[in-house]
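S.K.: Please find one structure pasted underneath; my questions will follow.
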Amino acid sequence: MNKRSAAITAVGGYVPETKLTNFDLEKMVDTNDEWIRTRTGIEERRILKEPGKASSDMAVPAIQEILRKKNLAPTDIDCIICATVTPDMVFPATANIIADKLGATNAWGFDMSAACSGFLYAVTTGAMFIESGRYKNVIVVGVDKMSAIIDYTDRATCIIFGDGAGAILLQPTEEEVGIKDSILRSDGSGRQYLHMKAGGSLKPATVETVMAKEHYAYQEGQAVFKFAVKGMADVSAELLERNNLTADDIAWLVPHQANLRIIDATANRMGLPKEKVMINIQKYGNTTAATLPLCLWDWEKQLKKGDNIVLAAFGGGFTWGATWVKWAYDSE
């Protein structure tokens, strides 16, 4: 009897209609289009501007796309894992809100907070639920409304982040496809370089924390860049070595879309040419937990059954990792 694996069998995505271009940012903060493009690779990002809309409102249409593609009812979903650092509220879990809005009354779910590595962590977790034999339809969604926690007078962060959602369906298979291996890492000593200063139990919200703008994302760019280049590149190379894979074996690198220079460094370390690297940072910016599934969504039609794909991410905290996936289907 073949070993049961978890295969990605469908992808869905959603980005808001409103675009925030580099030229728009020039009018808001001391920066310019050329500076942003040369340092990050970003040209525009999407912003969820409608009042009363939250992360769950982007996750729901991404998941509904999957249900349409697979001819599934919301009640067929067993579990929803939502990777996010911008939950609708501190509690209940955004996964529960998503399930309610979908009508997924048979699903249980939870949120996973690992910053930009959240989707990667959630994929590994979801795969284990499938491999256990307990569940048949597990949704993993990465979603962030970063505009909700960005100070648009802080040029260190406002140029980088955007809003969006991407989701995958994990289902069991006994074929030689699916989630094959992961290396996941974290180092909490890096928290000082990328975090939100207030709003947690350490420093609850007060008039003073709001006035001091401590409920926005804070980043020390240089330190994060240095760690990210090494972390993402090292773990991706380690994953190949551990599985006796070479650059020739890899069809696609799916890197976290934080910065074009970090992406290039990871590809170079793996010996991959640019043609094998998924890049959409120019369109969406850094959507945190949504970047990896949004890449899969954009490239789905180019993916072929049996393709070896490496997902790689690095996030605040620090969190990082890489996952080897053997693609399970040809797109229609």
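Residue numbers start at 1 in each chain; chains themselves are named A, B, ... in the order of the structure tokens; ligands are numbered from 1 in the order shown.
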List the spatial neighbours of stretch 124-132 of chain A as a list in words - criterion: any atom at most 7 Å away, only C-alpha atoms, same-chain residues fewer than 2 positions off excluded.
M.R.: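 Those residues are Arg4, Ser5, Ala6, Leu120, Tyr121, Ala122, Arg134, Tyr135, Lys136, Val138, Val140, Leu170, Gln171, Pro172 and Ile179 of chain A.
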S.K.: Include C-alpha atoms and write out the residues we just selected as a PDB file, in the first residue's frame.
M.R.:
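Dumped to again-v9.pdb:
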```pdb
ATOM      1  CA  ARG A   4      -0.814   8.727   1.777  1.00  0.00           C
ATOM      2  CA  SER A   5       0.414  12.199   0.847  1.00  0.00           C
ATOM      3  CA  ALA A   6      -1.195  15.614   0.865  1.00  0.00           C
ATOM      4  CA  LEU A 120       4.501  27.889   4.663  1.00  0.00           C
ATOM      5  CA  TYR A 121       3.968  26.796   8.266  1.00  0.00           C
ATOM      6  CA  ALA A 122       0.246  26.291   7.584  1.00  0.00           C
ATOM      7  CA  ARG A 134      -8.462  12.142   9.525  1.00  0.00           C
ATOM      8  CA  TYR A 135      -9.387  14.691   6.853  1.00  0.00           C
ATOM      9  CA  LYS A 136      -9.990  14.786   3.089  1.00  0.00           C
ATOM     10  CA  VAL A 138      -8.219  20.959   4.121  1.00  0.00           C
ATOM     11  CA  VAL A 140      -4.995  26.622   3.739  1.00  0.00           C
ATOM     12  CA  LEU A 170      -5.074  19.912   0.222  1.00  0.00           C
ATOM     13  CA  GLN A 171      -6.463  16.444  -0.527  1.00  0.00           C
ATOM     14  CA  PRO A 172      -5.111  12.907   0.016  1.00  0.00           C
ATOM     15  CA  ILE A 179       3.987  17.927  -0.104  1.00  0.00           C
TER      16      ILE A 179
END
```
S.K.: Write out as a PDB file with N, CA and C atoms, in the first residue's frame all residues of stretch 32-261 of chain A that backbone DSSP assigns to alpha helix (DSSP H).
M.R.:
```pdb
ATOM      1  N   ASP A  33       9.486  56.840  -7.358  1.00  0.00           N
ATOM      2  CA  ASP A  33       9.273  55.583  -8.072  1.00  0.00           C
ATOM      3  C   ASP A  33      10.581  54.840  -8.328  1.00  0.00           C
ATOM      4  N   GLU A  34      11.587  55.541  -8.807  1.00  0.00           N
ATOM      5  CA  GLU A  34      12.856  54.875  -9.134  1.00  0.00           C
ATOM      6  C   GLU A  34      13.498  54.257  -7.895  1.00  0.00           C
ATOM      7  N   TRP A  35      13.471  54.997  -6.784  1.00  0.00           N
ATOM      8  CA  TRP A  35      14.069  54.496  -5.535  1.00  0.00           C
ATOM      9  C   TRP A  35      13.371  53.213  -5.098  1.00  0.00           C
ATOM     10  N   ILE A  36      12.046  53.203  -5.134  1.00  0.00           N
ATOM     11  CA  ILE A  36      11.285  52.026  -4.705  1.00  0.00           C
ATOM     12  C   ILE A  36      11.555  50.844  -5.633  1.00  0.00           C
ATOM     13  N   ARG A  37      11.501  51.100  -6.943  1.00  0.00           N
ATOM     14  CA  ARG A  37      11.683  49.998  -7.913  1.00  0.00           C
ATOM     15  C   ARG A  37      13.070  49.377  -7.813  1.00  0.00           C
ATOM     16  N   THR A  38      14.107  50.216  -7.709  1.00  0.00           N
ATOM     17  CA  THR A  38      15.474  49.674  -7.703  1.00  0.00           C
ATOM     18  C   THR A  38      15.791  48.926  -6.418  1.00  0.00           C
ATOM     19  N   ARG A  39      15.187  49.317  -5.310  1.00  0.00           N
ATOM     20  CA  ARG A  39      15.501  48.681  -4.026  1.00  0.00           C
ATOM     21  C   ARG A  39      14.579  47.516  -3.674  1.00  0.00           C
ATOM     22  N   THR A  40      13.359  47.528  -4.209  1.00  0.00           N
ATOM     23  CA  THR A  40      12.404  46.471  -3.829  1.00  0.00           C
ATOM     24  C   THR A  40      11.840  45.685  -4.999  1.00  0.00           C
ATOM     25  N   SER A  55      -9.693  41.119   6.626  1.00  0.00           N
ATOM     26  CA  SER A  55      -8.971  40.003   6.003  1.00  0.00           C
ATOM     27  C   SER A  55      -9.919  38.897   5.539  1.00  0.00           C
ATOM     28  N   SER A  56     -10.907  38.555   6.354  1.00  0.00           N
ATOM     29  CA  SER A  56     -11.827  37.464   5.993  1.00  0.00           C
ATOM     30  C   SER A  56     -12.546  37.741   4.681  1.00  0.00           C
ATOM     31  N   ASP A  57     -12.776  39.031   4.371  1.00  0.00           N
ATOM     32  CA  ASP A  57     -13.501  39.382   3.153  1.00  0.00           C
ATOM     33  C   ASP A  57     -12.659  39.183   1.893  1.00  0.00           C
ATOM     34  N   MET A  58     -11.361  39.034   2.046  1.00  0.00           N
ATOM     35  CA  MET A  58     -10.509  38.667   0.907  1.00  0.00           C
ATOM     36  C   MET A  58     -10.326  37.154   0.837  1.00  0.00           C
ATOM     37  N   ALA A  59     -10.282  36.522   2.008  1.00  0.00           N
ATOM     38  CA  ALA A  59     -10.096  35.064   2.051  1.00  0.00           C
ATOM     39  C   ALA A  59     -11.283  34.316   1.455  1.00  0.00           C
ATOM     40  N   VAL A  60     -12.493  34.811   1.727  1.00  0.00           N
ATOM     41  CA  VAL A  60     -13.708  34.100   1.283  1.00  0.00           C
ATOM     42  C   VAL A  60     -13.763  33.935  -0.243  1.00  0.00           C
ATOM     43  N   PRO A  61     -13.587  35.019  -1.053  1.00  0.00           N
ATOM     44  CA  PRO A  61     -13.630  34.807  -2.506  1.00  0.00           C
ATOM     45  C   PRO A  61     -12.497  33.919  -3.030  1.00  0.00           C
ATOM     46  N   ALA A  62     -11.331  33.957  -2.385  1.00  0.00           N
ATOM     47  CA  ALA A  62     -10.226  33.078  -2.800  1.00  0.00           C
ATOM     48  C   ALA A  62     -10.610  31.616  -2.620  1.00  0.00           C
ATOM     49  N   ILE A  63     -11.271  31.314  -1.497  1.00  0.00           N
ATOM     50  CA  ILE A  63     -11.694  29.930  -1.224  1.00  0.00           C
ATOM     51  C   ILE A  63     -12.874  29.549  -2.109  1.00  0.00           C
ATOM     52  N   GLN A  64     -13.778  30.485  -2.353  1.00  0.00           N
ATOM     53  CA  GLN A  64     -14.935  30.202  -3.231  1.00  0.00           C
ATOM     54  C   GLN A  64     -14.475  29.832  -4.641  1.00  0.00           C
ATOM     55  N   GLU A  65     -13.382  30.434  -5.102  1.00  0.00           N
ATOM     56  CA  GLU A  65     -12.828  30.071  -6.414  1.00  0.00           C
ATOM     57  C   GLU A  65     -12.417  28.599  -6.433  1.00  0.00           C
ATOM     58  N   ILE A  66     -11.802  28.138  -5.348  1.00  0.00           N
ATOM     59  CA  ILE A  66     -11.408  26.730  -5.240  1.00  0.00           C
ATOM     60  C   ILE A  66     -12.633  25.819  -5.268  1.00  0.00           C
ATOM     61  N   LEU A  67     -13.662  26.180  -4.510  1.00  0.00           N
ATOM     62  CA  LEU A  67     -14.873  25.353  -4.457  1.00  0.00           C
ATOM     63  C   LEU A  67     -15.510  25.246  -5.836  1.00  0.00           C
ATOM     64  N   ARG A  68     -15.525  26.350  -6.588  1.00  0.00           N
ATOM     65  CA  ARG A  68     -16.070  26.317  -7.964  1.00  0.00           C
ATOM     66  C   ARG A  68     -15.253  25.390  -8.856  1.00  0.00           C
ATOM     67  N   LYS A  69     -13.933  25.529  -8.778  1.00  0.00           N
ATOM     68  CA  LYS A  69     -13.042  24.717  -9.631  1.00  0.00           C
ATOM     69  C   LYS A  69     -13.202  23.225  -9.352  1.00  0.00           C
ATOM     70  N   LYS A  70     -13.392  22.874  -8.093  1.00  0.00           N
ATOM     71  CA  LYS A  70     -13.438  21.460  -7.698  1.00  0.00           C
ATOM     72  C   LYS A  70     -14.867  20.933  -7.539  1.00  0.00           C
ATOM     73  N   THR A  94      -9.884  34.260  12.812  1.00  0.00           N
ATOM     74  CA  THR A  94     -10.394  34.648  11.492  1.00  0.00           C
ATOM     75  C   THR A  94     -10.848  33.415  10.713  1.00  0.00           C
ATOM     76  N   ALA A  95     -10.204  32.268  10.941  1.00  0.00           N
ATOM     77  CA  ALA A  95     -10.625  31.020  10.275  1.00  0.00           C
ATOM     78  C   ALA A  95     -12.092  30.717  10.583  1.00  0.00           C
ATOM     79  N   ASN A  96     -12.507  30.981  11.821  1.00  0.00           N
ATOM     80  CA  ASN A  96     -13.898  30.731  12.204  1.00  0.00           C
ATOM     81  C   ASN A  96     -14.850  31.689  11.488  1.00  0.00           C
ATOM     82  N   ILE A  97     -14.430  32.938  11.342  1.00  0.00           N
ATOM     83  CA  ILE A  97     -15.243  33.944  10.643  1.00  0.00           C
ATOM     84  C   ILE A  97     -15.358  33.573   9.168  1.00  0.00           C
ATOM     85  N   ILE A  98     -14.241  33.130   8.587  1.00  0.00           N
ATOM     86  CA  ILE A  98     -14.242  32.697   7.183  1.00  0.00           C
ATOM     87  C   ILE A  98     -15.215  31.533   6.988  1.00  0.00           C
ATOM     88  N   ALA A  99     -15.148  30.548   7.880  1.00  0.00           N
ATOM     89  CA  ALA A  99     -16.035  29.383   7.787  1.00  0.00           C
ATOM     90  C   ALA A  99     -17.501  29.810   7.839  1.00  0.00           C
ATOM     91  N   ASP A 100     -17.815  30.749   8.729  1.00  0.00           N
ATOM     92  CA  ASP A 100     -19.189  31.247   8.850  1.00  0.00           C
ATOM     93  C   ASP A 100     -19.633  31.952   7.574  1.00  0.00           C
ATOM     94  N   LYS A 101     -18.773  32.809   7.028  1.00  0.00           N
ATOM     95  CA  LYS A 101     -19.127  33.553   5.808  1.00  0.00           C
ATOM     96  C   LYS A 101     -19.250  32.628   4.595  1.00  0.00           C
ATOM     97  N   LEU A 102     -18.490  31.539   4.594  1.00  0.00           N
ATOM     98  CA  LEU A 102     -18.561  30.559   3.501  1.00  0.00           C
ATOM     99  C   LEU A 102     -19.777  29.639   3.623  1.00  0.00           C
ATOM    100  N   GLY A 118       3.920  32.444   7.470  1.00  0.00           N
ATOM    101  CA  GLY A 118       2.703  31.826   7.971  1.00  0.00           C
ATOM    102  C   GLY A 118       2.104  30.795   7.031  1.00  0.00           C
ATOM    103  N   PHE A 119       2.050  31.124   5.744  1.00  0.00           N
ATOM    104  CA  PHE A 119       1.466  30.181   4.783  1.00  0.00           C
ATOM    105  C   PHE A 119       2.292  28.904   4.706  1.00  0.00           C
ATOM    106  N   LEU A 120       3.609  29.047   4.721  1.00  0.00           N
ATOM    107  CA  LEU A 120       4.501  27.889   4.663  1.00  0.00           C
ATOM    108  C   LEU A 120       4.292  26.977   5.874  1.00  0.00           C
ATOM    109  N   TYR A 121       4.232  27.571   7.055  1.00  0.00           N
ATOM    110  CA  TYR A 121       3.968  26.796   8.266  1.00  0.00           C
ATOM    111  C   TYR A 121       2.609  26.093   8.170  1.00  0.00           C
ATOM    112  N   ALA A 122       1.612  26.818   7.658  1.00  0.00           N
ATOM    113  CA  ALA A 122       0.246  26.291   7.584  1.00  0.00           C
ATOM    114  C   ALA A 122       0.131  25.145   6.581  1.00  0.00           C
ATOM    115  N   VAL A 123       0.885  25.216   5.488  1.00  0.00           N
ATOM    116  CA  VAL A 123       0.878  24.129   4.499  1.00  0.00           C
ATOM    117  C   VAL A 123       1.400  22.835   5.132  1.00  0.00           C
ATOM    118  N   THR A 124       2.503  22.946   5.858  1.00  0.00           N
ATOM    119  CA  THR A 124       3.072  21.769   6.525  1.00  0.00           C
ATOM    120  C   THR A 124       2.097  21.190   7.542  1.00  0.00           C
ATOM    121  N   THR A 125       1.442  22.084   8.292  1.00  0.00           N
ATOM    122  CA  THR A 125       0.467  21.649   9.292  1.00  0.00           C
ATOM    123  C   THR A 125      -0.731  20.968   8.630  1.00  0.00           C
ATOM    124  N   GLY A 126      -1.260  21.600   7.593  1.00  0.00           N
ATOM    125  CA  GLY A 126      -2.402  21.028   6.871  1.00  0.00           C
ATOM    126  C   GLY A 126      -2.077  19.682   6.252  1.00  0.00           C
ATOM    127  N   ALA A 127      -0.849  19.567   5.732  1.00  0.00           N
ATOM    128  CA  ALA A 127      -0.422  18.299   5.121  1.00  0.00           C
ATOM    129  C   ALA A 127      -0.445  17.165   6.145  1.00  0.00           C
ATOM    130  N   MET A 128      -0.051  17.473   7.377  1.00  0.00           N
ATOM    131  CA  MET A 128      -0.041  16.435   8.415  1.00  0.00           C
ATOM    132  C   MET A 128      -1.463  15.965   8.756  1.00  0.00           C
ATOM    133  N   PHE A 129      -2.418  16.882   8.720  1.00  0.00           N
ATOM    134  CA  PHE A 129      -3.812  16.493   8.956  1.00  0.00           C
ATOM    135  C   PHE A 129      -4.300  15.530   7.867  1.00  0.00           C
ATOM    136  N   ILE A 130      -3.897  15.805   6.628  1.00  0.00           N
ATOM    137  CA  ILE A 130      -4.283  14.920   5.516  1.00  0.00           C
ATOM    138  C   ILE A 130      -3.583  13.568   5.646  1.00  0.00           C
ATOM    139  N   GLU A 131      -2.275  13.607   5.914  1.00  0.00           N
ATOM    140  CA  GLU A 131      -1.490  12.369   6.005  1.00  0.00           C
ATOM    141  C   GLU A 131      -1.986  11.461   7.129  1.00  0.00           C
ATOM    142  N   ARG A 155       8.177  55.847   5.477  1.00  0.00           N
ATOM    143  CA  ARG A 155       8.597  55.324   4.170  1.00  0.00           C
ATOM    144  C   ARG A 155       9.346  53.998   4.276  1.00  0.00           C
ATOM    145  N   ALA A 156       9.778  53.626   5.481  1.00  0.00           N
ATOM    146  CA  ALA A 156      10.468  52.341   5.650  1.00  0.00           C
ATOM    147  C   ALA A 156       9.514  51.167   5.442  1.00  0.00           C
ATOM    148  N   THR A 157       8.217  51.372   5.697  1.00  0.00           N
ATOM    149  CA  THR A 157       7.265  50.264   5.587  1.00  0.00           C
ATOM    150  C   THR A 157       6.176  50.490   4.537  1.00  0.00           C
ATOM    151  N   CYS A 158       5.744  51.741   4.341  1.00  0.00           N
ATOM    152  CA  CYS A 158       4.558  51.953   3.503  1.00  0.00           C
ATOM    153  C   CYS A 158       4.798  51.618   2.034  1.00  0.00           C
ATOM    154  N   VAL A 207      -4.166  55.408  25.195  1.00  0.00           N
ATOM    155  CA  VAL A 207      -4.122  56.650  24.416  1.00  0.00           C
ATOM    156  C   VAL A 207      -2.681  56.950  24.016  1.00  0.00           C
ATOM    157  N   GLU A 208      -1.752  56.685  24.942  1.00  0.00           N
ATOM    158  CA  GLU A 208      -0.329  56.983  24.685  1.00  0.00           C
ATOM    159  C   GLU A 208       0.240  56.108  23.557  1.00  0.00           C
ATOM    160  N   THR A 209      -0.107  54.806  23.561  1.00  0.00           N
ATOM    161  CA  THR A 209       0.443  53.925  22.504  1.00  0.00           C
ATOM    162  C   THR A 209      -0.119  54.302  21.141  1.00  0.00           C
ATOM    163  N   VAL A 210      -1.366  54.738  21.113  1.00  0.00           N
ATOM    164  CA  VAL A 210      -1.968  55.157  19.839  1.00  0.00           C
ATOM    165  C   VAL A 210      -1.303  56.441  19.356  1.00  0.00           C
ATOM    166  N   MET A 211      -1.134  57.397  20.250  1.00  0.00           N
ATOM    167  CA  MET A 211      -0.503  58.673  19.872  1.00  0.00           C
ATOM    168  C   MET A 211       0.942  58.471  19.401  1.00  0.00           C
ATOM    169  N   GLY A 221      14.986  47.885   8.350  1.00  0.00           N
ATOM    170  CA  GLY A 221      15.162  47.264   7.034  1.00  0.00           C
ATOM    171  C   GLY A 221      16.483  46.561   6.801  1.00  0.00           C
ATOM    172  N   GLN A 222      17.574  47.207   7.183  1.00  0.00           N
ATOM    173  CA  GLN A 222      18.903  46.640   6.901  1.00  0.00           C
ATOM    174  C   GLN A 222      19.115  45.309   7.623  1.00  0.00           C
ATOM    175  N   ALA A 223      18.747  45.282   8.891  1.00  0.00           N
ATOM    176  CA  ALA A 223      18.930  44.063   9.681  1.00  0.00           C
ATOM    177  C   ALA A 223      18.064  42.933   9.138  1.00  0.00           C
ATOM    178  N   VAL A 224      16.811  43.249   8.807  1.00  0.00           N
ATOM    179  CA  VAL A 224      15.896  42.235   8.274  1.00  0.00           C
ATOM    180  C   VAL A 224      16.405  41.713   6.937  1.00  0.00           C
ATOM    181  N   PHE A 225      16.864  42.631   6.091  1.00  0.00           N
ATOM    182  CA  PHE A 225      17.381  42.239   4.776  1.00  0.00           C
ATOM    183  C   PHE A 225      18.539  41.247   4.910  1.00  0.00           C
ATOM    184  N   LYS A 226      19.462  41.556   5.811  1.00  0.00           N
ATOM    185  CA  LYS A 226      20.649  40.709   6.004  1.00  0.00           C
ATOM    186  C   LYS A 226      20.250  39.300   6.472  1.00  0.00           C
ATOM    187  N   PHE A 227      19.368  39.232   7.456  1.00  0.00           N
ATOM    188  CA  PHE A 227      18.914  37.935   7.949  1.00  0.00           C
ATOM    189  C   PHE A 227      18.127  37.176   6.886  1.00  0.00           C
ATOM    190  N   ALA A 228      17.266  37.900   6.164  1.00  0.00           N
ATOM    191  CA  ALA A 228      16.385  37.257   5.181  1.00  0.00           C
ATOM    192  C   ALA A 228      17.173  36.627   4.037  1.00  0.00           C
ATOM    193  N   VAL A 229      18.160  37.357   3.535  1.00  0.00           N
ATOM    194  CA  VAL A 229      18.974  36.837   2.427  1.00  0.00           C
ATOM    195  C   VAL A 229      19.646  35.524   2.829  1.00  0.00           C
ATOM    196  N   LYS A 230      20.243  35.524   4.009  1.00  0.00           N
ATOM    197  CA  LYS A 230      20.942  34.314   4.463  1.00  0.00           C
ATOM    198  C   LYS A 230      19.945  33.199   4.801  1.00  0.00           C
ATOM    199  N   GLY A 231      18.913  33.538   5.567  1.00  0.00           N
ATOM    200  CA  GLY A 231      17.969  32.518   6.030  1.00  0.00           C
ATOM    201  C   GLY A 231      17.246  31.810   4.904  1.00  0.00           C
ATOM    202  N   MET A 232      16.655  32.585   4.006  1.00  0.00           N
ATOM    203  CA  MET A 232      15.856  31.996   2.926  1.00  0.00           C
ATOM    204  C   MET A 232      16.747  31.214   1.952  1.00  0.00           C
ATOM    205  N   ALA A 233      17.900  31.766   1.630  1.00  0.00           N
ATOM    206  CA  ALA A 233      18.811  31.100   0.698  1.00  0.00           C
ATOM    207  C   ALA A 233      19.378  29.814   1.303  1.00  0.00           C
ATOM    208  N   ASP A 234      19.817  29.872   2.559  1.00  0.00           N
ATOM    209  CA  ASP A 234      20.418  28.704   3.212  1.00  0.00           C
ATOM    210  C   ASP A 234      19.442  27.542   3.314  1.00  0.00           C
ATOM    211  N   VAL A 235      18.217  27.838   3.759  1.00  0.00           N
ATOM    212  CA  VAL A 235      17.262  26.758   4.000  1.00  0.00           C
ATOM    213  C   VAL A 235      16.792  26.137   2.672  1.00  0.00           C
ATOM    214  N   SER A 236      16.720  26.940   1.629  1.00  0.00           N
ATOM    215  CA  SER A 236      16.319  26.422   0.315  1.00  0.00           C
ATOM    216  C   SER A 236      17.402  25.495  -0.245  1.00  0.00           C
ATOM    217  N   ALA A 237      18.657  25.916  -0.087  1.00  0.00           N
ATOM    218  CA  ALA A 237      19.773  25.077  -0.542  1.00  0.00           C
ATOM    219  C   ALA A 237      19.845  23.784   0.269  1.00  0.00           C
ATOM    220  N   GLU A 238      19.587  23.894   1.587  1.00  0.00           N
ATOM    221  CA  GLU A 238      19.605  22.724   2.474  1.00  0.00           C
ATOM    222  C   GLU A 238      18.518  21.715   2.093  1.00  0.00           C
ATOM    223  N   LEU A 239      17.349  22.230   1.714  1.00  0.00           N
ATOM    224  CA  LEU A 239      16.236  21.366   1.317  1.00  0.00           C
ATOM    225  C   LEU A 239      16.595  20.552   0.073  1.00  0.00           C
ATOM    226  N   LEU A 240      17.252  21.198  -0.899  1.00  0.00           N
ATOM    227  CA  LEU A 240      17.672  20.486  -2.116  1.00  0.00           C
ATOM    228  C   LEU A 240      18.687  19.403  -1.770  1.00  0.00           C
ATOM    229  N   GLU A 241      19.675  19.785  -0.972  1.00  0.00           N
ATOM    230  CA  GLU A 241      20.740  18.848  -0.612  1.00  0.00           C
ATOM    231  C   GLU A 241      20.173  17.632   0.128  1.00  0.00           C
ATOM    232  N   ARG A 242      19.268  17.893   1.063  1.00  0.00           N
ATOM    233  CA  ARG A 242      18.692  16.811   1.866  1.00  0.00           C
ATOM    234  C   ARG A 242      17.909  15.810   1.020  1.00  0.00           C
ATOM    235  N   LEU A 260      12.998  42.137  -4.196  1.00  0.00           N
ATOM    236  CA  LEU A 260      13.546  41.463  -5.377  1.00  0.00           C
ATOM    237  C   LEU A 260      14.983  41.005  -5.158  1.00  0.00           C
ATOM    238  N   ARG A 261      15.734  41.749  -4.362  1.00  0.00           N
ATOM    239  CA  ARG A 261      17.142  41.378  -4.135  1.00  0.00           C
ATOM    240  C   ARG A 261      17.248  40.114  -3.271  1.00  0.00           C
TER     241      ARG A 261
END
```
S.K.: Rounded to one decimal, what separation in Å do you get between atom CA of A:Trp297 and atom CA of A:Gly166?
M.R.: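 So the answer is 7.2 Å.
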S.K.: Considering only C-alpha atoms, return as a ChimeraX atom specification whatever protein or nucleic-acid residues lie within 7 Å of A:Arg45, sequence-local ones (same chain, fewer than 6 positions apart) excluded.
M.R.: /A:19-21,162,283-285
S.K.: Find the spatial neighbours of A:Ile77, counting only C-alpha atoms, within a cut-off of 7 Å - ignore same-chain residues fewer than 4 positions away - and output them as a VMD selection string.
M.R.: chain A and resid 104 106 to 107 137 to 138
S.K.: What's the 9 Å shell around A:Asp264, counting only C-alpha atoms, without same-chain residues fewer than 5 positions away, as a PyMOL selection string?
M.R.: chain A and resi 259+269+274+277
S.K.: Keeping N, CA and C atoms, export the residues of the selection given above as a tab-separated table (two decimals), in the first residue's frame.
M.R.:
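As written to disk, result00.tsv reads:
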```tsv
chain	number	residue	atom	x	y	z
A	259	ASN	N	11.21	41.36	-1.32
A	259	ASN	CA	12.20	42.25	-1.91
A	259	ASN	C	12.88	41.49	-3.05
A	269	ARG	N	21.66	31.21	-4.94
A	269	ARG	CA	22.19	30.20	-4.02
A	269	ARG	C	21.77	28.80	-4.45
A	274	LYS	N	16.57	32.97	-13.66
A	274	LYS	CA	15.41	33.81	-13.38
A	274	LYS	C	14.12	33.24	-14.00
A	277	VAL	N	11.85	31.34	-11.65
A	277	VAL	CA	11.48	32.00	-10.39
A	277	VAL	C	10.17	32.77	-10.58
```
S.K.: Tell me which protein, DNA and RNA residues are within 9 Å of A:Phe318, counting only C-alpha atoms, leaving out same-chain ones fewer than 5 positions away, and put them as a PDB file with N, CA, C and O atoms, in the first residue's frame.
M.R.:
```pdb
ATOM      1  N   ALA A 114       2.656  33.537  11.852  1.00  0.00           N
ATOM      2  CA  ALA A 114       4.112  33.398  11.702  1.00  0.00           C
ATOM      3  C   ALA A 114       4.632  34.409  10.686  1.00  0.00           C
ATOM      4  O   ALA A 114       5.582  34.142   9.952  1.00  0.00           O
ATOM      5  N   ALA A 115       3.943  35.560  10.633  1.00  0.00           N
ATOM      6  CA  ALA A 115       4.311  36.640   9.715  1.00  0.00           C
ATOM      7  C   ALA A 115       4.390  36.122   8.277  1.00  0.00           C
ATOM      8  O   ALA A 115       3.518  35.373   7.852  1.00  0.00           O
ATOM      9  N   ARG A 185      12.108  26.969  10.343  1.00  0.00           N
ATOM     10  CA  ARG A 185      12.977  27.519  11.373  1.00  0.00           C
ATOM     11  C   ARG A 185      12.319  28.747  12.023  1.00  0.00           C
ATOM     12  O   ARG A 185      11.473  29.400  11.420  1.00  0.00           O
ATOM     13  N   SER A 186      12.775  29.056  13.235  1.00  0.00           N
ATOM     14  CA  SER A 186      12.386  30.320  13.865  1.00  0.00           C
ATOM     15  C   SER A 186      13.460  30.740  14.855  1.00  0.00           C
ATOM     16  O   SER A 186      14.193  29.913  15.387  1.00  0.00           O
ATOM     17  N   ASP A 187      13.530  32.053  15.091  1.00  0.00           N
ATOM     18  CA  ASP A 187      14.497  32.617  16.039  1.00  0.00           C
ATOM     19  C   ASP A 187      13.896  33.889  16.629  1.00  0.00           C
ATOM     20  O   ASP A 187      13.906  34.953  16.007  1.00  0.00           O
ATOM     21  N   GLY A 188      13.358  33.756  17.841  1.00  0.00           N
ATOM     22  CA  GLY A 188      12.673  34.873  18.475  1.00  0.00           C
ATOM     23  C   GLY A 188      13.557  36.046  18.831  1.00  0.00           C
ATOM     24  O   GLY A 188      13.050  37.146  19.098  1.00  0.00           O
ATOM     25  N   SER A 189      14.869  35.841  18.807  1.00  0.00           N
ATOM     26  CA  SER A 189      15.753  36.968  19.138  1.00  0.00           C
ATOM     27  C   SER A 189      15.713  38.041  18.046  1.00  0.00           C
ATOM     28  O   SER A 189      16.173  39.165  18.252  1.00  0.00           O
ATOM     29  N   GLY A 190      15.153  37.693  16.895  1.00  0.00           N
ATOM     30  CA  GLY A 190      15.050  38.671  15.801  1.00  0.00           C
ATOM     31  C   GLY A 190      13.841  39.581  15.912  1.00  0.00           C
ATOM     32  O   GLY A 190      13.648  40.467  15.076  1.00  0.00           O
ATOM     33  N   ARG A 191      13.020  39.384  16.943  1.00  0.00           N
ATOM     34  CA  ARG A 191      11.768  40.142  17.041  1.00  0.00           C
ATOM     35  C   ARG A 191      11.969  41.642  17.119  1.00  0.00           C
ATOM     36  O   ARG A 191      11.111  42.415  16.688  1.00  0.00           O
ATOM     37  N   TYR A 193      13.711  43.541  15.405  1.00  0.00           N
ATOM     38  CA  TYR A 193      13.911  44.188  14.114  1.00  0.00           C
ATOM     39  C   TYR A 193      12.627  44.325  13.282  1.00  0.00           C
ATOM     40  O   TYR A 193      12.595  45.120  12.343  1.00  0.00           O
ATOM     41  N   LEU A 194      11.614  43.523  13.609  1.00  0.00           N
ATOM     42  CA  LEU A 194      10.378  43.555  12.829  1.00  0.00           C
ATOM     43  C   LEU A 194       9.234  43.089  13.716  1.00  0.00           C
ATOM     44  O   LEU A 194       9.124  41.910  14.033  1.00  0.00           O
ATOM     45  N   VAL A 224      16.811  43.249   8.807  1.00  0.00           N
ATOM     46  CA  VAL A 224      15.896  42.235   8.274  1.00  0.00           C
ATOM     47  C   VAL A 224      16.405  41.713   6.937  1.00  0.00           C
ATOM     48  O   VAL A 224      16.408  40.506   6.684  1.00  0.00           O
ATOM     49  N   PHE A 227      19.368  39.232   7.456  1.00  0.00           N
ATOM     50  CA  PHE A 227      18.914  37.935   7.949  1.00  0.00           C
ATOM     51  C   PHE A 227      18.127  37.176   6.886  1.00  0.00           C
ATOM     52  O   PHE A 227      18.259  35.961   6.747  1.00  0.00           O
ATOM     53  N   ALA A 228      17.266  37.900   6.164  1.00  0.00           N
ATOM     54  CA  ALA A 228      16.385  37.257   5.181  1.00  0.00           C
ATOM     55  C   ALA A 228      17.173  36.627   4.037  1.00  0.00           C
ATOM     56  O   ALA A 228      16.893  35.499   3.622  1.00  0.00           O
TER      57      ALA A 228
END
```
